[in-house]
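Dumped query.txt below, it's compact mmCIF, C-alpha atoms:
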# COMPACT_ATOMS: atom_id res chain seq x y z
CA MET A 4 -47.41 -105.92 -18.11
CA GLN A 5 -44.19 -104.51 -16.69
CA LYS A 6 -43.61 -102.45 -19.80
CA PHE A 7 -47.21 -101.31 -19.89
CA PHE A 8 -47.01 -99.66 -16.49
CA SER A 9 -43.49 -98.37 -16.88
CA ASN A 10 -44.90 -95.97 -19.41
CA ARG A 11 -45.04 -92.82 -17.34
CA LYS A 12 -47.40 -90.94 -19.62
CA LEU A 13 -50.00 -93.67 -19.53
CA VAL A 14 -49.97 -93.70 -15.75
CA ILE A 15 -50.42 -89.92 -15.69
CA VAL A 16 -53.31 -90.18 -18.13
CA ILE A 17 -55.04 -92.82 -16.02
CA ILE A 18 -54.57 -90.84 -12.82
CA VAL A 19 -55.96 -87.69 -14.45
CA LEU A 20 -58.98 -89.57 -15.76
CA ILE A 21 -59.66 -91.09 -12.32
CA ILE A 22 -59.38 -87.70 -10.61
CA SER A 23 -61.64 -86.15 -13.21
CA PHE A 24 -64.23 -88.88 -12.85
CA GLY A 25 -64.07 -88.71 -9.06
CA LEU A 26 -64.61 -84.94 -9.07
CA MET A 27 -67.57 -85.35 -11.38
CA SER A 28 -69.20 -88.07 -9.26
CA VAL A 29 -68.77 -86.08 -6.05
CA SER A 30 -70.18 -82.88 -7.53
CA VAL A 31 -73.18 -84.68 -9.07
CA ALA A 32 -73.90 -86.31 -5.69
CA ILE A 33 -73.65 -82.96 -3.90
CA ARG A 34 -75.88 -81.29 -6.45
CA ASN A 35 -78.57 -83.93 -6.06
CA LYS A 36 -78.54 -84.20 -2.29
CA LYS A 37 -77.60 -80.94 -0.62
CA SER A 38 -79.71 -77.82 -0.65
CA THR A 39 -76.71 -75.51 -1.07
CA PRO A 40 -73.28 -76.18 -2.58
CA PRO A 41 -70.23 -76.10 -0.25
CA LEU A 42 -69.04 -72.66 0.83
CA ILE A 43 -65.95 -72.70 -1.38
CA GLN A 44 -68.11 -73.49 -4.41
CA GLN A 45 -70.50 -70.67 -3.51
CA PHE A 46 -67.58 -68.29 -3.17
CA GLY A 47 -66.17 -69.24 -6.58
CA ASN A 48 -69.56 -68.79 -8.18
CA ASP A 49 -69.99 -65.38 -6.59
CA VAL A 50 -66.59 -64.23 -7.86
CA ALA A 51 -67.28 -65.57 -11.36
CA GLY A 52 -70.70 -63.96 -11.26
CA ALA A 53 -69.22 -60.58 -10.36
CA VAL A 54 -66.80 -60.75 -13.31
CA ASP A 55 -69.56 -61.98 -15.58
CA ARG A 56 -71.73 -58.95 -14.74
CA VAL A 57 -69.06 -56.69 -16.26
CA ILE A 58 -68.96 -58.69 -19.50
CA ALA A 59 -72.67 -59.49 -19.69
CA TRP A 60 -73.64 -55.83 -19.30
CA PRO A 61 -72.63 -54.57 -22.79
CA VAL A 62 -73.93 -57.74 -24.46
CA ASN A 63 -77.31 -57.44 -22.75
CA GLY A 64 -77.30 -53.74 -23.57
CA LEU A 65 -76.88 -54.55 -27.26
CA GLN A 66 -79.70 -57.07 -27.04
CA GLY A 67 -81.90 -54.46 -25.37
CA ALA A 68 -81.13 -51.97 -28.14
CA SER A 69 -81.95 -54.42 -30.92
CA ASN A 70 -85.15 -55.44 -29.14
CA SER A 71 -86.15 -51.77 -28.90
CA VAL A 72 -85.68 -51.35 -32.65
CA SER A 73 -87.81 -54.37 -33.50
CA ASP A 74 -90.43 -53.23 -30.98
CA LEU A 75 -90.52 -49.84 -32.66
CA LEU A 76 -91.23 -51.43 -36.03
CA ASN A 77 -94.25 -53.27 -34.67
CA THR A 78 -95.55 -50.36 -32.63
CA TYR A 79 -98.54 -49.44 -34.75
CA GLN A 80 -100.11 -52.87 -35.02
CA GLU A 81 -99.39 -53.64 -31.41
CA ASN A 82 -100.97 -50.40 -30.33
CA GLN A 83 -104.18 -51.20 -32.19
CA LYS A 84 -104.36 -54.60 -30.57
CA LEU A 85 -103.51 -53.37 -27.10
CA LYS A 86 -106.10 -50.57 -27.19
CA LYS A 87 -108.80 -53.19 -27.50
CA GLN A 88 -107.42 -55.12 -24.57
CA VAL A 89 -107.02 -52.13 -22.27
CA ASP A 90 -110.78 -51.57 -21.87
CA GLN A 91 -111.34 -55.14 -20.78
CA LEU A 92 -108.33 -55.02 -18.49
CA ALA A 93 -109.58 -52.04 -16.50
CA GLN A 94 -112.73 -53.99 -15.76
CA ALA A 95 -110.79 -57.11 -14.77
CA LYS A 96 -108.42 -55.11 -12.60
CA VAL A 97 -111.20 -53.53 -10.57
CA ASN A 98 -112.78 -56.95 -10.17
CA ALA A 99 -109.51 -58.46 -9.02
CA GLN A 100 -108.87 -55.64 -6.55
CA THR A 101 -112.28 -56.05 -4.99
CA ALA A 102 -111.85 -59.79 -4.77
CA GLN A 103 -108.39 -59.41 -3.28
CA ALA A 104 -109.60 -56.97 -0.64
CA GLU A 105 -112.46 -59.28 0.23
CA ASN A 106 -110.08 -62.23 0.34
CA LYS A 107 -107.80 -60.37 2.74
CA GLN A 108 -110.70 -59.51 5.01
CA LEU A 109 -112.05 -63.04 5.05
CA ARG A 110 -108.61 -64.41 5.77
CA LYS A 111 -108.26 -62.04 8.68
CA GLU A 112 -111.54 -63.23 10.10
CA LEU A 113 -110.43 -66.84 9.74
CA LYS A 114 -107.04 -65.93 11.26
CA LEU A 115 -105.43 -67.47 8.19
CA ASN A 116 -102.17 -65.60 7.71
CA LYS A 117 -100.38 -67.64 5.11
CA SER A 118 -102.18 -69.61 2.46
CA LEU A 119 -100.89 -71.65 -0.47
CA THR A 120 -101.15 -68.70 -2.82
CA SER A 121 -99.07 -66.18 -0.90
CA TYR A 122 -95.51 -65.49 -2.06
CA THR A 123 -93.19 -62.57 -2.61
CA ALA A 124 -91.73 -62.01 -6.05
CA VAL A 125 -87.99 -61.45 -6.41
CA THR A 126 -87.02 -60.05 -9.80
CA ALA A 127 -83.61 -60.93 -11.22
CA ASN A 128 -81.64 -60.41 -14.41
CA VAL A 129 -80.49 -63.34 -16.47
CA LEU A 130 -76.69 -63.14 -16.48
CA THR A 131 -75.74 -65.99 -18.74
CA ARG A 132 -76.76 -69.31 -20.16
CA THR A 133 -74.69 -72.48 -19.93
CA PRO A 134 -73.03 -72.85 -23.34
CA SER A 135 -73.72 -76.55 -23.56
CA SER A 136 -76.25 -78.63 -25.40
CA TRP A 137 -76.74 -80.84 -22.36
CA MET A 138 -77.96 -78.38 -19.78
CA ASN A 139 -80.83 -76.00 -20.32
CA GLN A 140 -79.60 -73.92 -17.48
CA PHE A 141 -78.90 -70.27 -16.80
CA VAL A 142 -77.54 -68.02 -14.08
CA ILE A 143 -79.62 -65.23 -12.52
CA SER A 144 -78.36 -62.22 -10.62
CA LYS A 145 -80.01 -62.83 -7.23
CA GLY A 146 -79.10 -65.46 -4.65
CA ALA A 147 -79.41 -66.52 -1.04
CA THR A 148 -79.12 -62.92 0.18
CA SER A 149 -82.44 -62.17 -1.54
CA GLY A 150 -84.12 -65.16 0.09
CA ILE A 151 -83.87 -67.57 -2.82
CA LYS A 152 -83.73 -71.25 -1.93
CA LYS A 153 -83.27 -74.42 -3.93
CA ASN A 154 -86.27 -75.76 -5.90
CA MET A 155 -88.15 -72.45 -5.92
CA PRO A 156 -90.15 -71.83 -9.10
CA VAL A 157 -88.95 -69.25 -11.61
CA MET A 158 -91.24 -67.32 -13.94
CA SER A 159 -90.80 -64.99 -16.86
CA GLN A 160 -93.32 -62.17 -17.29
CA SER A 161 -95.83 -64.55 -18.81
CA GLY A 162 -95.50 -67.85 -16.97
CA LEU A 163 -93.54 -70.60 -15.29
CA ILE A 164 -90.18 -71.40 -16.90
CA GLY A 165 -88.19 -73.51 -14.44
CA ARG A 166 -86.80 -73.98 -10.98
CA VAL A 167 -83.73 -73.03 -8.96
CA VAL A 168 -81.15 -75.84 -8.79
CA GLU A 169 -78.16 -74.20 -7.12
CA VAL A 170 -78.08 -71.20 -4.80
CA ASN A 171 -75.03 -69.05 -4.14
CA GLN A 172 -74.89 -65.84 -2.13
CA THR A 173 -75.33 -63.40 -5.01
CA ASN A 174 -76.44 -65.58 -7.91
CA ALA A 175 -78.34 -68.79 -8.58
CA LYS A 176 -78.58 -71.42 -11.29
CA VAL A 177 -81.96 -72.08 -12.85
CA GLU A 178 -82.94 -75.19 -14.76
CA LEU A 179 -85.52 -74.71 -17.51
CA ILE A 180 -88.74 -76.69 -17.48
CA SER A 181 -87.65 -78.15 -20.83
CA ASN A 182 -84.84 -80.05 -19.13
CA SER A 183 -86.12 -83.59 -19.15
CA SER A 184 -83.31 -85.32 -17.28
CA SER A 185 -84.44 -88.02 -14.88
CA SER A 186 -83.19 -86.18 -11.79
CA ALA A 187 -85.29 -83.10 -12.51
CA ASP A 188 -87.88 -82.21 -9.92
CA LYS A 189 -91.49 -82.28 -11.11
CA PHE A 190 -93.95 -79.42 -10.64
CA ALA A 191 -97.38 -80.16 -9.20
CA ILE A 192 -99.94 -78.56 -11.51
CA GLN A 193 -103.70 -78.47 -11.96
CA VAL A 194 -106.00 -77.92 -14.90
CA THR A 195 -109.28 -76.05 -14.44
CA ASN A 196 -111.95 -76.62 -17.07
CA LYS A 197 -114.78 -74.32 -18.17
CA SER A 198 -117.21 -75.55 -15.53
CA GLY A 199 -114.69 -74.97 -12.73
CA SER A 200 -113.68 -78.51 -11.80
CA THR A 201 -109.99 -79.22 -11.48
CA VAL A 202 -107.65 -82.07 -12.33
CA ASN A 203 -104.42 -82.43 -10.36
CA GLY A 204 -101.20 -83.91 -11.67
CA ILE A 205 -97.52 -83.33 -12.18
CA VAL A 206 -95.34 -82.27 -15.07
CA THR A 207 -93.98 -85.57 -16.38
CA GLY A 208 -91.94 -84.41 -19.31
CA TYR A 209 -91.30 -81.96 -22.09
CA ASP A 210 -91.77 -82.62 -25.77
CA LYS A 211 -88.95 -80.71 -27.41
CA SER A 212 -90.10 -81.21 -30.99
CA SER A 213 -93.42 -79.46 -30.44
CA ASN A 214 -92.42 -77.35 -27.40
CA LEU A 215 -95.21 -78.73 -25.22
CA ILE A 216 -95.22 -79.62 -21.53
CA GLU A 217 -96.54 -83.12 -20.82
CA MET A 218 -98.77 -84.00 -17.88
CA GLY A 219 -99.09 -87.76 -17.87
CA SER A 220 -100.92 -90.46 -15.88
CA VAL A 221 -104.17 -88.50 -15.55
CA THR A 222 -106.90 -90.93 -14.53
CA SER A 223 -109.62 -88.39 -13.73
CA LYS A 224 -112.70 -88.49 -15.97
CA THR A 225 -113.23 -84.74 -15.74
CA LYS A 226 -113.64 -83.32 -19.22
CA ILE A 227 -110.67 -81.22 -20.25
CA GLU A 228 -110.75 -79.18 -23.42
CA LYS A 229 -108.24 -77.36 -25.52
CA GLY A 230 -107.59 -73.89 -24.13
CA ASP A 231 -108.24 -74.70 -20.47
CA LYS A 232 -105.90 -72.89 -18.10
CA VAL A 233 -103.11 -74.69 -16.24
CA VAL A 234 -101.62 -73.35 -12.97
CA THR A 235 -99.38 -74.77 -10.25
CA SER A 236 -101.40 -76.51 -7.55
CA GLY A 237 -99.21 -75.64 -4.57
CA LEU A 238 -99.24 -79.22 -3.33
CA GLY A 239 -95.91 -80.35 -1.92
CA GLY A 240 -92.57 -78.56 -2.05
CA VAL A 241 -91.98 -74.84 -2.08
CA THR A 242 -94.09 -73.91 -5.11
CA PRO A 243 -96.99 -71.57 -4.28
CA LYS A 244 -100.43 -72.13 -5.74
CA GLY A 245 -101.68 -70.31 -8.79
CA LEU A 246 -98.58 -69.64 -10.88
CA TYR A 247 -99.61 -69.61 -14.52
CA VAL A 248 -98.11 -72.46 -16.53
CA GLY A 249 -99.99 -72.37 -19.83
CA THR A 250 -103.03 -73.64 -21.68
CA VAL A 251 -104.06 -77.14 -22.68
CA ALA A 252 -103.05 -77.97 -26.25
CA SER A 253 -104.43 -81.49 -26.55
CA VAL A 254 -105.66 -84.44 -24.50
CA LYS A 255 -105.00 -87.99 -25.61
CA GLN A 256 -104.86 -91.52 -24.25
CA ASP A 257 -101.41 -92.63 -23.18
CA ASP A 258 -99.63 -95.58 -24.77
CA TYR A 259 -101.33 -98.16 -22.55
CA GLY A 260 -104.85 -96.75 -22.92
CA LEU A 261 -105.43 -96.60 -19.17
CA ALA A 262 -104.74 -92.98 -18.37
CA SER A 263 -104.75 -89.85 -20.46
CA GLU A 264 -101.95 -87.48 -21.20
CA ILE A 265 -102.51 -83.74 -21.31
CA ARG A 266 -100.22 -81.59 -23.40
CA ILE A 267 -99.74 -78.00 -22.39
CA THR A 268 -98.57 -75.00 -24.39
CA PRO A 269 -96.23 -73.08 -22.07
CA ALA A 270 -97.14 -69.43 -21.60
CA ALA A 271 -93.54 -68.31 -21.56
CA ASN A 272 -91.06 -68.24 -24.42
CA LEU A 273 -88.18 -70.34 -23.10
CA SER A 274 -85.55 -69.06 -25.51
CA ASP A 275 -85.89 -65.32 -24.97
CA LEU A 276 -85.20 -64.58 -21.32
CA THR A 277 -83.70 -61.38 -19.96
CA VAL A 278 -85.60 -60.75 -16.72
CA VAL A 279 -87.15 -63.44 -14.55
CA THR A 280 -89.11 -63.56 -11.29
CA VAL A 281 -88.50 -66.05 -8.50
CA ALA A 282 -91.53 -66.87 -6.33
CA VAL A 283 -90.16 -66.86 -2.77
CA LYS A 284 -92.54 -68.50 -0.37
CA MET B 2 -39.24 -59.89 -22.45
CA ARG B 3 -40.42 -59.75 -26.06
CA TYR B 4 -43.53 -61.69 -25.21
CA SER B 5 -44.59 -59.69 -22.19
CA ARG B 6 -47.61 -58.09 -23.87
CA LEU B 7 -49.07 -61.37 -25.09
CA ARG B 8 -48.62 -62.82 -21.64
CA ILE B 9 -51.14 -60.27 -20.40
CA ILE B 10 -53.43 -60.19 -23.44
CA PHE B 11 -53.84 -63.98 -23.62
CA PRO B 12 -55.41 -64.65 -20.18
CA ILE B 13 -57.63 -61.55 -20.36
CA GLY B 14 -58.88 -62.60 -23.78
CA LEU B 15 -59.40 -66.12 -22.51
CA PHE B 16 -61.72 -65.05 -19.73
CA ILE B 17 -63.58 -62.55 -21.90
CA ALA B 18 -64.15 -65.43 -24.35
CA LEU B 19 -65.31 -67.65 -21.49
CA PHE B 20 -67.98 -65.23 -20.32
CA LEU B 21 -68.95 -64.20 -23.85
CA ASP B 22 -69.74 -67.87 -24.56
CA GLY B 23 -72.44 -67.75 -21.92
CA SER B 24 -73.77 -64.27 -22.66
CA LEU B 25 -74.02 -64.85 -26.41
CA SER B 26 -75.62 -68.26 -25.82
CA ASN B 27 -78.33 -66.51 -23.83
CA VAL B 28 -78.86 -63.68 -26.31
CA PHE B 29 -79.02 -65.98 -29.33
CA ALA B 30 -80.65 -68.93 -27.52
CA GLY B 31 -83.56 -68.89 -29.95
CA HIS B 32 -81.22 -69.45 -32.90
CA LEU B 33 -78.49 -71.60 -31.36
CA PHE B 34 -80.71 -74.05 -29.50
CA LYS B 35 -83.52 -74.36 -32.01
CA TYR B 36 -84.95 -77.87 -31.74
CA PRO B 37 -83.64 -80.41 -32.63
CA TYR B 38 -80.31 -78.72 -33.26
CA SER B 39 -78.12 -77.28 -30.58
CA SER B 40 -74.96 -75.46 -31.48
CA VAL B 41 -72.56 -74.74 -28.67
CA LEU B 42 -70.31 -71.70 -28.81
CA HIS B 43 -66.63 -72.49 -28.21
CA LEU B 44 -64.91 -69.12 -28.19
CA VAL B 45 -62.62 -70.33 -25.40
CA LEU B 46 -61.38 -73.21 -27.50
CA LEU B 47 -60.96 -70.88 -30.47
CA TRP B 48 -58.80 -68.52 -28.40
CA ILE B 49 -56.72 -71.44 -27.12
CA VAL B 50 -56.14 -72.85 -30.61
CA PHE B 51 -55.12 -69.41 -31.88
CA ALA B 52 -52.69 -69.04 -28.98
CA ILE B 53 -51.07 -72.40 -29.62
CA PHE B 54 -50.65 -72.03 -33.36
CA LEU B 55 -50.03 -68.29 -33.73
CA ASP B 56 -47.49 -68.05 -30.92
CA ASP B 57 -44.35 -69.16 -32.73
CA ARG B 58 -42.09 -69.77 -29.79
CA ASP B 59 -44.51 -71.75 -27.59
CA ASP B 60 -43.84 -69.21 -24.90
CA LEU B 61 -47.33 -68.86 -23.48
CA PRO B 62 -48.39 -71.12 -20.58
CA VAL B 63 -51.52 -72.11 -22.51
CA GLY B 64 -52.04 -75.46 -20.76
CA LEU B 65 -52.16 -73.90 -17.33
CA TRP B 66 -54.56 -71.15 -18.34
CA ALA B 67 -56.72 -73.67 -20.22
CA ALA B 68 -57.02 -75.76 -17.05
CA LEU B 69 -58.01 -72.66 -15.08
CA ALA B 70 -60.60 -71.64 -17.71
CA GLY B 71 -61.94 -75.21 -17.66
CA LEU B 72 -62.23 -75.08 -13.88
CA VAL B 73 -64.16 -71.80 -13.99
CA PHE B 74 -66.39 -73.24 -16.71
CA ASP B 75 -67.25 -76.28 -14.58
CA TRP B 76 -67.64 -74.13 -11.51
CA TYR B 77 -69.80 -71.36 -12.86
CA TYR B 78 -71.72 -72.81 -15.79
CA THR B 79 -72.42 -76.45 -15.02
CA GLY B 80 -71.68 -77.09 -11.33
CA ILE B 81 -70.18 -80.45 -12.32
CA PHE B 82 -66.43 -80.48 -11.79
CA GLY B 83 -63.68 -82.28 -13.63
CA VAL B 84 -65.10 -82.25 -17.15
CA TYR B 85 -63.89 -79.12 -18.95
CA LEU B 86 -61.10 -78.99 -16.38
CA VAL B 87 -59.59 -82.01 -18.16
CA ALA B 88 -60.99 -81.56 -21.67
CA LEU B 89 -59.36 -78.17 -22.36
CA PRO B 90 -55.78 -79.06 -21.25
CA LEU B 91 -56.18 -82.33 -23.17
CA VAL B 92 -56.80 -80.34 -26.34
CA VAL B 93 -53.78 -78.14 -25.61
CA TYR B 94 -51.60 -81.21 -25.18
CA ILE B 95 -52.81 -82.83 -28.40
CA SER B 96 -52.40 -79.61 -30.38
CA ARG B 97 -48.86 -79.14 -29.10
CA GLN B 98 -48.07 -82.70 -30.23
CA ILE B 99 -49.49 -82.09 -33.70
CA LYS B 100 -47.93 -78.65 -34.21
CA PRO B 101 -44.36 -79.67 -35.33
CA TRP B 102 -45.79 -81.92 -38.04
CA LEU B 103 -47.91 -79.27 -39.69
CA ASP B 104 -47.19 -76.68 -42.31
CA LEU B 105 -49.08 -73.89 -40.58
CA ASN B 106 -51.59 -71.95 -42.61
CA PHE B 107 -55.25 -71.04 -42.54
CA LEU B 108 -56.53 -74.39 -43.81
CA THR B 109 -54.45 -76.66 -41.59
CA MET B 110 -55.46 -74.61 -38.56
CA LEU B 111 -59.08 -74.97 -39.60
CA MET B 112 -58.66 -78.75 -39.74
CA VAL B 113 -56.99 -78.87 -36.34
CA TYR B 114 -59.80 -76.74 -34.94
CA ILE B 115 -62.42 -79.18 -36.26
CA ILE B 116 -60.55 -82.06 -34.62
CA ASN B 117 -60.30 -80.17 -31.35
CA LEU B 118 -64.00 -79.30 -31.37
CA THR B 119 -64.84 -82.94 -31.93
CA ILE B 120 -62.54 -84.07 -29.12
CA VAL B 121 -63.99 -81.62 -26.59
CA GLU B 122 -67.62 -82.26 -27.49
CA ALA B 123 -67.13 -86.04 -27.53
CA PHE B 124 -65.21 -86.00 -24.25
CA VAL B 125 -67.91 -83.95 -22.53
CA TYR B 126 -70.65 -86.13 -24.01
CA VAL B 127 -69.03 -89.40 -22.89
CA TRP B 128 -68.23 -88.04 -19.43
CA TYR B 129 -71.76 -86.76 -18.82
CA LEU B 130 -73.14 -90.04 -20.12
CA ILE B 131 -71.06 -92.08 -17.69
CA GLY B 132 -71.91 -89.68 -14.86
CA LYS B 133 -75.62 -90.12 -15.66
CA VAL B 134 -76.02 -86.37 -16.07
CA ILE B 135 -77.67 -86.88 -19.46
CA THR B 136 -79.38 -89.59 -21.46
CA SER B 137 -78.92 -89.26 -25.17
CA ASN B 138 -77.85 -91.65 -27.88
CA LEU B 139 -74.77 -91.37 -30.02
CA ALA B 140 -76.58 -90.77 -33.32
CA ASP B 141 -78.52 -87.82 -31.90
CA PHE B 142 -75.32 -86.39 -30.48
CA ALA B 143 -73.48 -86.62 -33.79
CA VAL B 144 -76.27 -85.21 -35.95
CA TYR B 145 -77.98 -82.66 -33.73
CA THR B 146 -75.13 -81.41 -31.54
CA LEU B 147 -71.74 -82.05 -33.09
CA GLY B 148 -72.71 -81.09 -36.64
CA PRO B 149 -74.28 -77.69 -35.90
CA THR B 150 -71.59 -76.94 -33.31
CA ILE B 151 -68.81 -77.42 -35.84
CA ALA B 152 -70.68 -75.38 -38.46
CA VAL B 153 -71.21 -72.37 -36.18
CA ASN B 154 -67.71 -72.42 -34.76
CA LEU B 155 -66.06 -72.73 -38.16
CA ALA B 156 -67.91 -69.63 -39.26
CA LEU B 157 -66.57 -67.81 -36.19
CA PHE B 158 -63.08 -69.13 -36.93
CA VAL B 159 -63.17 -67.75 -40.46
CA ILE B 160 -64.37 -64.36 -39.24
CA LEU B 161 -61.87 -64.06 -36.39
CA TYR B 162 -58.75 -65.61 -37.99
CA TYR B 163 -57.28 -62.52 -39.63
CA PRO B 164 -57.99 -60.02 -36.83
CA VAL B 165 -56.47 -62.33 -34.20
CA ARG B 166 -53.45 -63.08 -36.40
CA GLN B 167 -52.84 -59.38 -36.79
CA LEU B 168 -53.05 -59.04 -33.02
CA TYR B 169 -50.42 -61.76 -32.53
CA LEU B 170 -48.12 -60.30 -35.20
CA LYS B 171 -48.30 -56.86 -33.63
CA ALA B 172 -48.09 -57.91 -30.00
CA SER B 173 -45.18 -60.30 -30.34
Taking this structure as input, can you express it in the form of structure tokens?
Amino acid sequence: MQKFFSNRKLVIVIIVLIISFGLMSVSVAIRNKKSTPPLIQQFGNDVAGAVDRVIAWPVNGLQGASNSVSDLLNTYQENQKLKKQVDQLAQAKVNAQTAQAENKQLRKELKLNKSLTSYTAVTANVLTRTPSSWMNQFVISKGATSGIKKNMPVMSQSGLIGRVVEVNQTNAKVELISNSSSSADKFAIQVTNKSGSTVNGIVTGYDKSSNLIEMGSVTSKTKIEKGDKVVTSGLGGVTPKGLYVGTVASVKQDDYGLASEIRITPAANLSDLTVVTVAVK
Amino acid sequence: MRYSRLRIIFPIGLFIALFLDGSLSNVFAGHLFKYPYSSVLHLVLLWIVFAIFLDDRDDLPVGLWAALAGLVFDWYYTGIFGVYLVALPLVVYISRQIKPWLDLNFLTMLMVYIINLTIVEAFVYVWYLIGKVITSNLADFAVYTLGPTIAVNLALFVILYYPVRQLYLKAS
């Protein structure tokens, strides 16, 4: 035993491992409990973010250029398809505008200033993605100064993609919805079927092999079909109501046969993100 | 004084590599993290290994810079401290121990790089597992993470070996 501990290197190794483990435990605890990291950590992140902007800029520029080229190649077919959609869209837009105006008026009469659906959108660039297979996490270019808070939902142009997990002054870390770690916060969502009735539930997991969001423990007998729209329900937390999540892919009984599990095709492509929107409530 | 230029080039390159890791991971996310495989870019480690084995006189303070790069990595990318902060200097230490025993050429460096990649990935995996940051079993880690990671990074090694060696020959 005497000889064992007289070995200076071994003692150093053990001390380093203990310090390392201690640091990790403390930072995991802080991340799970506090709404913002300590000031010093925020400061470090802001400095790193500022340097990263300089290096990310040419890389993102190159990506933009290559995207433009591939867009150009598909232009003709896309144009044909879009022309068809435009006519319908004009109609829908007018409808939506009328409904929105009416909604505003009715709210005024009810003296209802803030409802579950109201939020302001903050648009941010994606600076970088964590180069690790363990965290589906990325850093965006807006932070607390733009009103972003922890747990706010993040969307790409087409739908919900994740939530804010760490807020610094000028940047924030976002965890993708595909991150299925046990500590991840669950979104409250609802499915609306063709006849207009809704089923409430939460996101319970993510199936990585088929890229589908899982909504488990649904006991409602309301008939849900493939293609029904899924949006956030706005119940609990800071998520506003009505953010588009995706469409129903399949409904099946869960393993115990008591409740059903709904699988949802996410509207957003989780692996091609350059600009995202944070819904600030 | 002969080494003054490398003393400036090395840390700048290190931090460019650090931020490129993240940027490139985002740009090529669709290819690198295609289920079930996930290949992690390790340009930082590549730069460190080059510095250790191409710098003949062991004049660069690689260990210190590696610790700093590890700290920034933990700080900025993961928010969980003490993981890369220890893993990167550990690799530097091990490589320095191995170096006198090796006849240095392209192939031996490639082998050392594979070992280093494995050490870092395994260290991070075990640490996150103990810290309950992740839940994943060992077989999945070996097949779906370690394998693709080594493949991608070896390709980068082969591409970057000669340019970086030229840089070290000219700068020193």
Can you pull out every residue within 9 Å of segment 106-121 of chain B, counting only C-alpha atoms, but drop anything in the same chain fewer than 3 positions away, and send it as a list in words?
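Everything that qualifies: His43, Leu46, Leu47, Val50, Phe51, Phe54, Tyr85, Ala88, Leu89, Leu91, Val92, Val93, Ile95, Ser96, Ile99, Leu103, Phe124, Val125, Tyr126, Leu147, Thr150, Ile151, Asn154, Leu155, Phe158, Val159 and Tyr162 of chain B.
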Return as JSON, numbers by chain the residues belonging to chain A that are within 9 Å of chain B, counting all atoms listed in the file.
{"A": [19, 20, 22, 23, 24, 25, 26, 27, 28, 29, 30, 31, 34, 40, 44, 47, 48, 49, 51, 52, 54, 55, 58, 59, 62, 63, 66, 129, 130, 131, 132, 133, 134, 135, 136, 137, 138, 140, 141, 142, 169, 176, 184, 185, 186, 211, 212, 213, 214, 273, 274, 275, 276, 277]}
One decimal, in Å: what's the spacing between atom CA of Lys224 of chain A and atom CA of Ile192 of chain A?
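About the pair atom CA of Lys224 of chain A and atom CA of Ile192 of chain A: they are 16.8 Å apart.
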Give me, please, the distance in Å between atom CA of Glu217 of chain A and atom CA of Ile267 of chain A, quoted to one decimal.
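Computing it gives 6.2 Å between the two atoms.
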Just want the 7 Å neighbourhood of Thr120 of chain A, counted on only C-alpha atoms, with same-chain residues fewer than 4 positions away dropped. Output as a list in words.
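These residues fall inside the cut-off: Pro243, Lys244 and Gly245 of chain A.
Rounded to one decimal, atom CA of Leu115 of chain A and atom CA of Gln100 of chain A lie 19.2 Å from each other.
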Non-local contacts of Arg266 of chain A (9 Å; only C-alpha atoms; under 2 positions in same chain excluded) as an MDAnalysis selection string
chainID A and resid 210 215:219 250:255 264 268
Include C-alpha atoms and write out the residues we just selected as an mmCIF file, in the coordinates of the input.
data_model
loop_
_atom_site.group_PDB
_atom_site.id
_atom_site.type_symbol
_atom_site.label_atom_id
_atom_site.label_comp_id
_atom_site.auth_asym_id
_atom_site.auth_seq_id
_atom_site.Cartn_x
_atom_site.Cartn_y
_atom_site.Cartn_z
ATOM 1 C CA ASP A 210 -91.770 -82.620 -25.770
ATOM 2 C CA LEU A 215 -95.210 -78.730 -25.220
ATOM 3 C CA ILE A 216 -95.220 -79.620 -21.530
ATOM 4 C CA GLU A 217 -96.540 -83.120 -20.820
ATOM 5 C CA MET A 218 -98.770 -84.000 -17.880
ATOM 6 C CA GLY A 219 -99.090 -87.760 -17.870
ATOM 7 C CA THR A 250 -103.030 -73.640 -21.680
ATOM 8 C CA VAL A 251 -104.060 -77.140 -22.680
ATOM 9 C CA ALA A 252 -103.050 -77.970 -26.250
ATOM 10 C CA SER A 253 -104.430 -81.490 -26.550
ATOM 11 C CA VAL A 254 -105.660 -84.440 -24.500
ATOM 12 C CA LYS A 255 -105.000 -87.990 -25.610
ATOM 13 C CA GLU A 264 -101.950 -87.480 -21.200
ATOM 14 C CA THR A 268 -98.570 -75.000 -24.390
#
Using all atoms listed in the file, list the residues that have an atom at most 9 Å from (-49.8, -77.4, -21.1), coordinates as in the file, as an MDAnalysis selection string.
chainID B and resid 62:68 90:91 93:94 97
